[in-house]
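> Pasting coords.pdb here (PDB, C-alpha atoms):
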```pdb
ATOM      1  CA  GLN A  20      -6.530 -18.947  -2.034
ATOM      2  CA  VAL A  21      -5.812 -15.228  -2.350
ATOM      3  CA  GLN A  22      -2.293 -14.109  -3.189
ATOM      4  CA  LEU A  23      -0.952 -10.567  -3.250
ATOM      5  CA  VAL A  24       2.146  -9.652  -5.206
ATOM      6  CA  GLU A  25       3.737  -6.247  -4.676
ATOM      7  CA  SER A  26       6.170  -4.511  -6.977
ATOM      8  CA  GLY A  27       7.704  -1.105  -7.541
ATOM      9  CA  GLY A  28       9.905  -0.634  -4.505
ATOM     10  CA  GLY A  29      13.483   0.519  -4.747
ATOM     11  CA  LEU A  30      16.049   3.144  -3.844
ATOM     12  CA  VAL A  31      15.320   6.800  -4.501
ATOM     13  CA  GLN A  32      16.744  10.130  -3.399
ATOM     14  CA  ALA A  33      14.798  12.426  -1.120
ATOM     15  CA  GLY A  34      12.268  14.415  -3.115
ATOM     16  CA  GLY A  35      11.888  11.646  -5.653
ATOM     17  CA  SER A  36       8.925   9.448  -6.538
ATOM     18  CA  LEU A  37       8.028   5.786  -6.651
ATOM     19  CA  ARG A  38       4.899   3.909  -7.636
ATOM     20  CA  LEU A  39       3.988   0.697  -5.877
ATOM     21  CA  SER A  40       1.632  -1.894  -7.302
ATOM     22  CA  CYS A  41      -0.126  -4.820  -5.688
ATOM     23  CA  ALA A  42      -1.949  -7.399  -7.771
ATOM     24  CA  ALA A  43      -4.396  -9.730  -6.065
ATOM     25  CA  SER A  44      -5.176 -13.139  -7.494
ATOM     26  CA  GLY A  45      -7.723 -15.691  -6.394
ATOM     27  CA  SER A  46     -11.298 -15.363  -5.277
ATOM     28  CA  ILE A  47     -11.916 -11.981  -3.660
ATOM     29  CA  PHE A  48     -15.271 -10.639  -2.589
ATOM     30  CA  THR A  49     -16.222  -7.686  -4.744
ATOM     31  CA  ARG A  50     -16.641  -5.345  -1.789
ATOM     32  CA  ASN A  51     -13.239  -5.014  -0.219
ATOM     33  CA  THR A  52     -10.701  -2.558   1.054
ATOM     34  CA  MET A  53      -7.227  -2.496  -0.409
ATOM     35  CA  GLY A  54      -4.512  -0.724   1.468
ATOM     36  CA  TRP A  55      -0.861  -0.133   2.154
ATOM     37  CA  TYR A  56       1.008  -0.394   5.421
ATOM     38  CA  ARG A  57       4.667   0.051   6.178
ATOM     39  CA  GLN A  58       7.171  -1.073   8.746
ATOM     40  CA  ALA A  59      10.434   0.696   9.379
ATOM     41  CA  PRO A  60      13.323  -1.015  11.194
ATOM     42  CA  GLY A  61      12.643  -1.211  14.912
ATOM     43  CA  LYS A  62       9.127   0.156  14.563
ATOM     44  CA  GLN A  63       5.649  -1.286  14.453
ATOM     45  CA  ARG A  64       3.772  -1.701  11.220
ATOM     46  CA  GLU A  65       1.672   1.374  10.504
ATOM     47  CA  PHE A  66      -1.189   2.314   8.242
ATOM     48  CA  VAL A  67      -0.361   4.358   5.152
ATOM     49  CA  ALA A  68      -3.440   4.516   2.950
ATOM     50  CA  SER A  69      -6.527   2.571   1.920
ATOM     51  CA  VAL A  70      -9.169   2.613  -0.779
ATOM     52  CA  TYR A  71     -12.561   0.956  -0.668
ATOM     53  CA  SER A  72     -14.000  -0.793  -3.697
ATOM     54  CA  GLY A  73     -16.438   2.115  -4.021
ATOM     55  CA  GLY A  74     -13.549   4.546  -4.283
ATOM     56  CA  SER A  75     -13.374   6.260  -0.895
ATOM     57  CA  THR A  76      -9.849   6.745   0.413
ATOM     58  CA  ASN A  77      -8.058   7.282   3.704
ATOM     59  CA  TYR A  78      -4.516   8.439   4.389
ATOM     60  CA  ALA A  79      -2.196   8.636   7.328
ATOM     61  CA  ASP A  80      -1.465  12.243   8.250
ATOM     62  CA  SER A  81       2.213  11.714   7.548
ATOM     63  CA  VAL A  82       1.598  11.035   3.849
ATOM     64  CA  LYS A  83      -1.355  13.293   3.046
ATOM     65  CA  GLY A  84      -0.627  15.509   0.082
ATOM     66  CA  ARG A  85       2.336  13.395  -0.988
ATOM     67  CA  PHE A  86       0.940   9.890  -1.571
ATOM     68  CA  THR A  87      -2.040   8.899  -3.712
ATOM     69  CA  ILE A  88      -3.751   5.523  -3.560
ATOM     70  CA  SER A  89      -5.825   4.204  -6.443
ATOM     71  CA  ARG A  90      -7.172   0.903  -7.668
ATOM     72  CA  ASP A  91      -8.195  -0.933 -10.804
ATOM     73  CA  ASN A  92     -11.159  -3.091  -9.812
ATOM     74  CA  ALA A  93     -11.151  -5.001 -13.082
ATOM     75  CA  LYS A  94      -7.600  -6.151 -12.404
ATOM     76  CA  ASN A  95      -7.836  -6.395  -8.598
ATOM     77  CA  THR A  96      -4.814  -4.134  -8.389
ATOM     78  CA  VAL A  97      -4.030  -1.298  -6.022
ATOM     79  CA  PHE A  98      -1.409   1.380  -6.581
ATOM     80  CA  LEU A  99       0.421   3.800  -4.335
ATOM     81  CA  GLN A 100       1.959   6.826  -6.003
ATOM     82  CA  MET A 101       4.543   8.278  -3.654
ATOM     83  CA  ASN A 102       5.874  11.759  -4.363
ATOM     84  CA  SER A 103       8.158  14.087  -2.427
ATOM     85  CA  LEU A 104       9.641  11.116  -0.643
ATOM     86  CA  LYS A 105      11.498  11.675   2.612
ATOM     87  CA  PRO A 106      14.114   9.527   4.369
ATOM     88  CA  GLU A 107      11.527   8.784   7.052
ATOM     89  CA  ASP A 108       9.414   7.048   4.397
ATOM     90  CA  THR A 109      12.046   4.293   4.286
ATOM     91  CA  ALA A 110      10.327   1.022   5.201
ATOM     92  CA  ILE A 111       9.018  -2.250   3.912
ATOM     93  CA  TYR A 112       5.651  -1.534   2.336
ATOM     94  CA  TYR A 113       2.952  -4.174   2.592
ATOM     95  CA  CYS A 114      -0.254  -4.512   0.656
ATOM     96  CA  LYS A 115      -3.388  -5.667   2.469
ATOM     97  CA  VAL A 116      -6.782  -6.694   1.192
ATOM     98  CA  THR A 117      -9.677  -6.910   3.634
ATOM     99  CA  THR A 118     -12.937  -8.672   2.923
ATOM    100  CA  PHE A 119     -14.236 -11.144   5.473
ATOM    101  CA  LYS A 120     -10.566 -11.995   6.014
ATOM    102  CA  GLU A 121      -7.287 -10.150   5.810
ATOM    103  CA  TYR A 122      -4.691 -10.963   3.195
ATOM    104  CA  TRP A 123      -1.147  -9.597   3.206
ATOM    105  CA  GLY A 124       1.517  -9.369   0.574
ATOM    106  CA  GLN A 125       5.151 -10.246   1.133
ATOM    107  CA  GLY A 126       6.300  -6.633   1.208
ATOM    108  CA  THR A 127       8.504  -4.479  -0.964
ATOM    109  CA  GLN A 128      11.424  -2.390   0.253
ATOM    110  CA  VAL A 129      11.402   1.362  -0.214
ATOM    111  CA  THR A 130      14.604   3.205   0.650
ATOM    112  CA  VAL A 131      14.858   6.982   0.504
ATOM    113  CA  SER A 132      18.343   8.426   0.748
ATOM    114  CA  SER A 133      19.048  11.918   2.046
TER     115      SER A 133
END
```
Go through the file and emit its structure as structure tokens.

Amino acid sequence: QVQLVESGGGLVQAGGSLRLSCAASGSIFTRNTMGWYRQAPGKQREFVASVYSGGSTNYADSVKGRFTISRDNAKNTVFLQMNSLKPEDTAIYYCKVTTFKEYWGQGTQVTVSS
């Protein structure tokens, strides 16, 4: 059974930074994609960023240049460094790991005040 535990969310002023972490436990196929999604109130969940086990990354246009995704393969952990945060970044951030299946974390709240 794969479990994902996110941490690092919180309240920050606009222009500030936060770093999210997501640790995966259990049996995970070596080749996988780890990513972050977010869901703001009243909106659908949307893609934020992803990183393949080989290191290639993808970002949503809305976060390019501000967010950086990285991973520690030895620890099955993915990080999201969020800089220059904006109020519109306020959402619940979810971690997802994709192998032959999809696994989701429980989410962590990020609130950016103006």
> Return the single residue from A:Leu37, A:Thr52, A:Gln20, A:Ala59 that is closest to Thr96 in chain A, with distances computed using only C-alpha atoms.
A:Thr52
> What does the distance between CA of Thr130 in chain A and CA of Ile111 in chain A come to in Å, to one decimal place?
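Rounded to one decimal, the two atoms are 8.5 Å apart.
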> Using the chain letters and numbers from the file, give me the residues hit by the PyMOL selection byres ((chain A and resi 110) around 10), as a ChimeraX atom specification.
/A:28,56-60,62,64,106-109,111-113,126-131
> Mind giving me the straight-line distance from CA of Asn92 in chain A to CA of Gly29 in chain A in Å, one decimal?
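Rounded to one decimal, the two atoms are 25.4 Å apart.
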> With only C-alpha atoms as the basis for distance, which of A:Lys94, A:Arg38, A:Lys105, A:Lys115 is at the shortest distance from Val67 in chain A?
A:Lys115
> Identify which of the residues A:Phe48, A:Phe119, A:Tyr71, A:Trp55 lies closest to Asp91 in chain A, counting all atoms listed in the file when measuring atom-to-atom distances.
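Ranking A:Phe48, A:Phe119, A:Tyr71, A:Trp55 by distance to Asp91 in chain A, first place goes to A:Tyr71.
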> Evaluated on this file, the PyMOL selection byres ((chain A and resi 70) around 7) picks out some residues - which ones are they, written as a ChimeraX atom specification?
/A:52-54,69,71-72,74-77,88-89
> Next, write the just-selected residues to a file, as a JSON list (two decimals), in the coordinates of the input, keeping C-alpha atoms as the atom set.

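File produced: out_33.json:
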```json
[["chain", "number", "residue", "atom", "x", "y", "z"],
["A", 52, "THR", "CA", -10.70, -2.56, 1.05],
["A", 53, "MET", "CA", -7.23, -2.50, -0.41],
["A", 54, "GLY", "CA", -4.51, -0.72, 1.47],
["A", 69, "SER", "CA", -6.53, 2.57, 1.92],
["A", 71, "TYR", "CA", -12.56, 0.96, -0.67],
["A", 72, "SER", "CA", -14.00, -0.79, -3.70],
["A", 74, "GLY", "CA", -13.55, 4.55, -4.28],
["A", 75, "SER", "CA", -13.37, 6.26, -0.90],
["A", 76, "THR", "CA", -9.85, 6.74, 0.41],
["A", 77, "ASN", "CA", -8.06, 7.28, 3.70],
["A", 88, "ILE", "CA", -3.75, 5.52, -3.56],
["A", 89, "SER", "CA", -5.82, 4.20, -6.44]]
```
> Hey, what comes out of the PyMOL selection byres ((chain A and resi 124) around 8) on this file? Could you write it as a PyMOL selection string?
chain A and resi 22-25+41+113-115+122-123+125-126
> Give me, please, the distance in Å between CA of Thr118 in chain A and CA of Ser81 in chain A, quoted to one decimal.
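Taking CA of Thr118 in chain A as the start and CA of Ser81 in chain A as the end point, the length is 25.8 Å.
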> Nearest to Ser40 in chain A among A:Ser26, A:Val116, A:Arg85, A:Arg90, with distances taken over only C-alpha atoms: which residue is it?
A:Ser26
> Identify which of the residues A:Leu99, A:Ala42, A:Ala33, A:Ala93 lies closest to Ser132 in chain A, counting all atoms listed in the file when measuring atom-to-atom distances.
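Using all atoms listed in the file, the shortest distance to Ser132 in chain A belongs to A:Ala33.
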> From the list A:Asn95, A:Gln63, A:Ser103, A:Thr87, which residue is nearest Ser44 in chain A when using all atoms listed in the file?
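Nearest candidate to Ser44 in chain A out of A:Asn95, A:Gln63, A:Ser103, A:Thr87: A:Asn95.
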> Considering all atoms listed in the file, return as a list in words whatever protein or nucleic-acid residues lie within 7 Å of Phe86 in chain A, sequence-local ones (same chain, fewer than 2 positions apart) excluded.
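Once the adjacent positions are removed, what remains is Val82, Lys83, Gly84, Ile88, Leu99, Gln100, Met101 and Asn102 of chain A.
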> For range 73-91 of chain A, I'd like the enclosing box, axis-aligned and padded by 3 Å on every side, reported as lines of an AutoDock Vina configuration file with centre and edge lengths in Å to one decimal.

```
center_x = -7.1
center_y = 7.3
center_z = -1.3
size_x = 24.8
size_y = 22.4
size_z = 25.1
```
> Would you mind completing range 66-80 of chain A to N, CA, C and O atoms and writing the output as a compact mmCIF listing (two decimals), keeping the file's coordinate frame?

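And here is the file that came out, selection.txt:
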```txt
# COMPACT_ATOMS: atom_id res chain seq x y z
N PHE A 66 -0.31 2.05 9.37
CA PHE A 66 -1.19 2.31 8.24
C PHE A 66 -0.64 3.46 7.39
O PHE A 66 -0.15 4.46 7.92
N VAL A 67 -0.77 3.30 6.07
CA VAL A 67 -0.36 4.36 5.15
C VAL A 67 -1.57 4.93 4.42
O VAL A 67 -1.84 6.14 4.47
N ALA A 68 -2.30 4.05 3.73
CA ALA A 68 -3.44 4.52 2.95
C ALA A 68 -4.33 3.33 2.61
O ALA A 68 -3.87 2.19 2.58
N SER A 69 -5.61 3.62 2.33
CA SER A 69 -6.53 2.57 1.92
C SER A 69 -7.56 3.14 0.96
O SER A 69 -7.83 4.35 0.94
N VAL A 70 -8.12 2.23 0.17
CA VAL A 70 -9.17 2.61 -0.78
C VAL A 70 -10.21 1.51 -0.81
O VAL A 70 -9.89 0.33 -0.95
N TYR A 71 -11.46 1.90 -0.64
CA TYR A 71 -12.56 0.96 -0.67
C TYR A 71 -12.92 0.68 -2.12
O TYR A 71 -12.62 1.48 -3.03
N SER A 72 -13.61 -0.43 -2.34
CA SER A 72 -14.00 -0.79 -3.70
C SER A 72 -14.89 0.27 -4.33
O SER A 72 -14.92 0.41 -5.55
N GLY A 73 -15.61 1.04 -3.50
CA GLY A 73 -16.44 2.12 -4.02
C GLY A 73 -15.67 3.37 -4.35
O GLY A 73 -16.22 4.30 -4.96
N GLY A 74 -14.40 3.43 -3.91
CA GLY A 74 -13.55 4.55 -4.28
C GLY A 74 -13.13 5.47 -3.15
O GLY A 74 -12.23 6.28 -3.32
N SER A 75 -13.75 5.37 -2.00
CA SER A 75 -13.37 6.26 -0.90
C SER A 75 -11.98 5.90 -0.39
O SER A 75 -11.60 4.74 -0.37
N THR A 76 -11.24 6.93 0.01
CA THR A 76 -9.85 6.74 0.41
C THR A 76 -9.59 7.30 1.80
O THR A 76 -10.30 8.19 2.28
N ASN A 77 -8.54 6.78 2.42
CA ASN A 77 -8.06 7.28 3.70
C ASN A 77 -6.54 7.32 3.67
O ASN A 77 -5.91 6.46 3.03
N TYR A 78 -5.97 8.30 4.36
CA TYR A 78 -4.52 8.44 4.39
C TYR A 78 -4.04 8.71 5.82
O TYR A 78 -4.73 9.37 6.61
N ALA A 79 -2.86 8.23 6.10
CA ALA A 79 -2.20 8.64 7.33
C ALA A 79 -1.79 10.10 7.19
O ALA A 79 -1.46 10.56 6.10
N ASP A 80 -1.81 10.82 8.30
CA ASP A 80 -1.46 12.24 8.25
C ASP A 80 -0.07 12.47 7.69
O ASP A 80 0.18 13.47 7.00
```
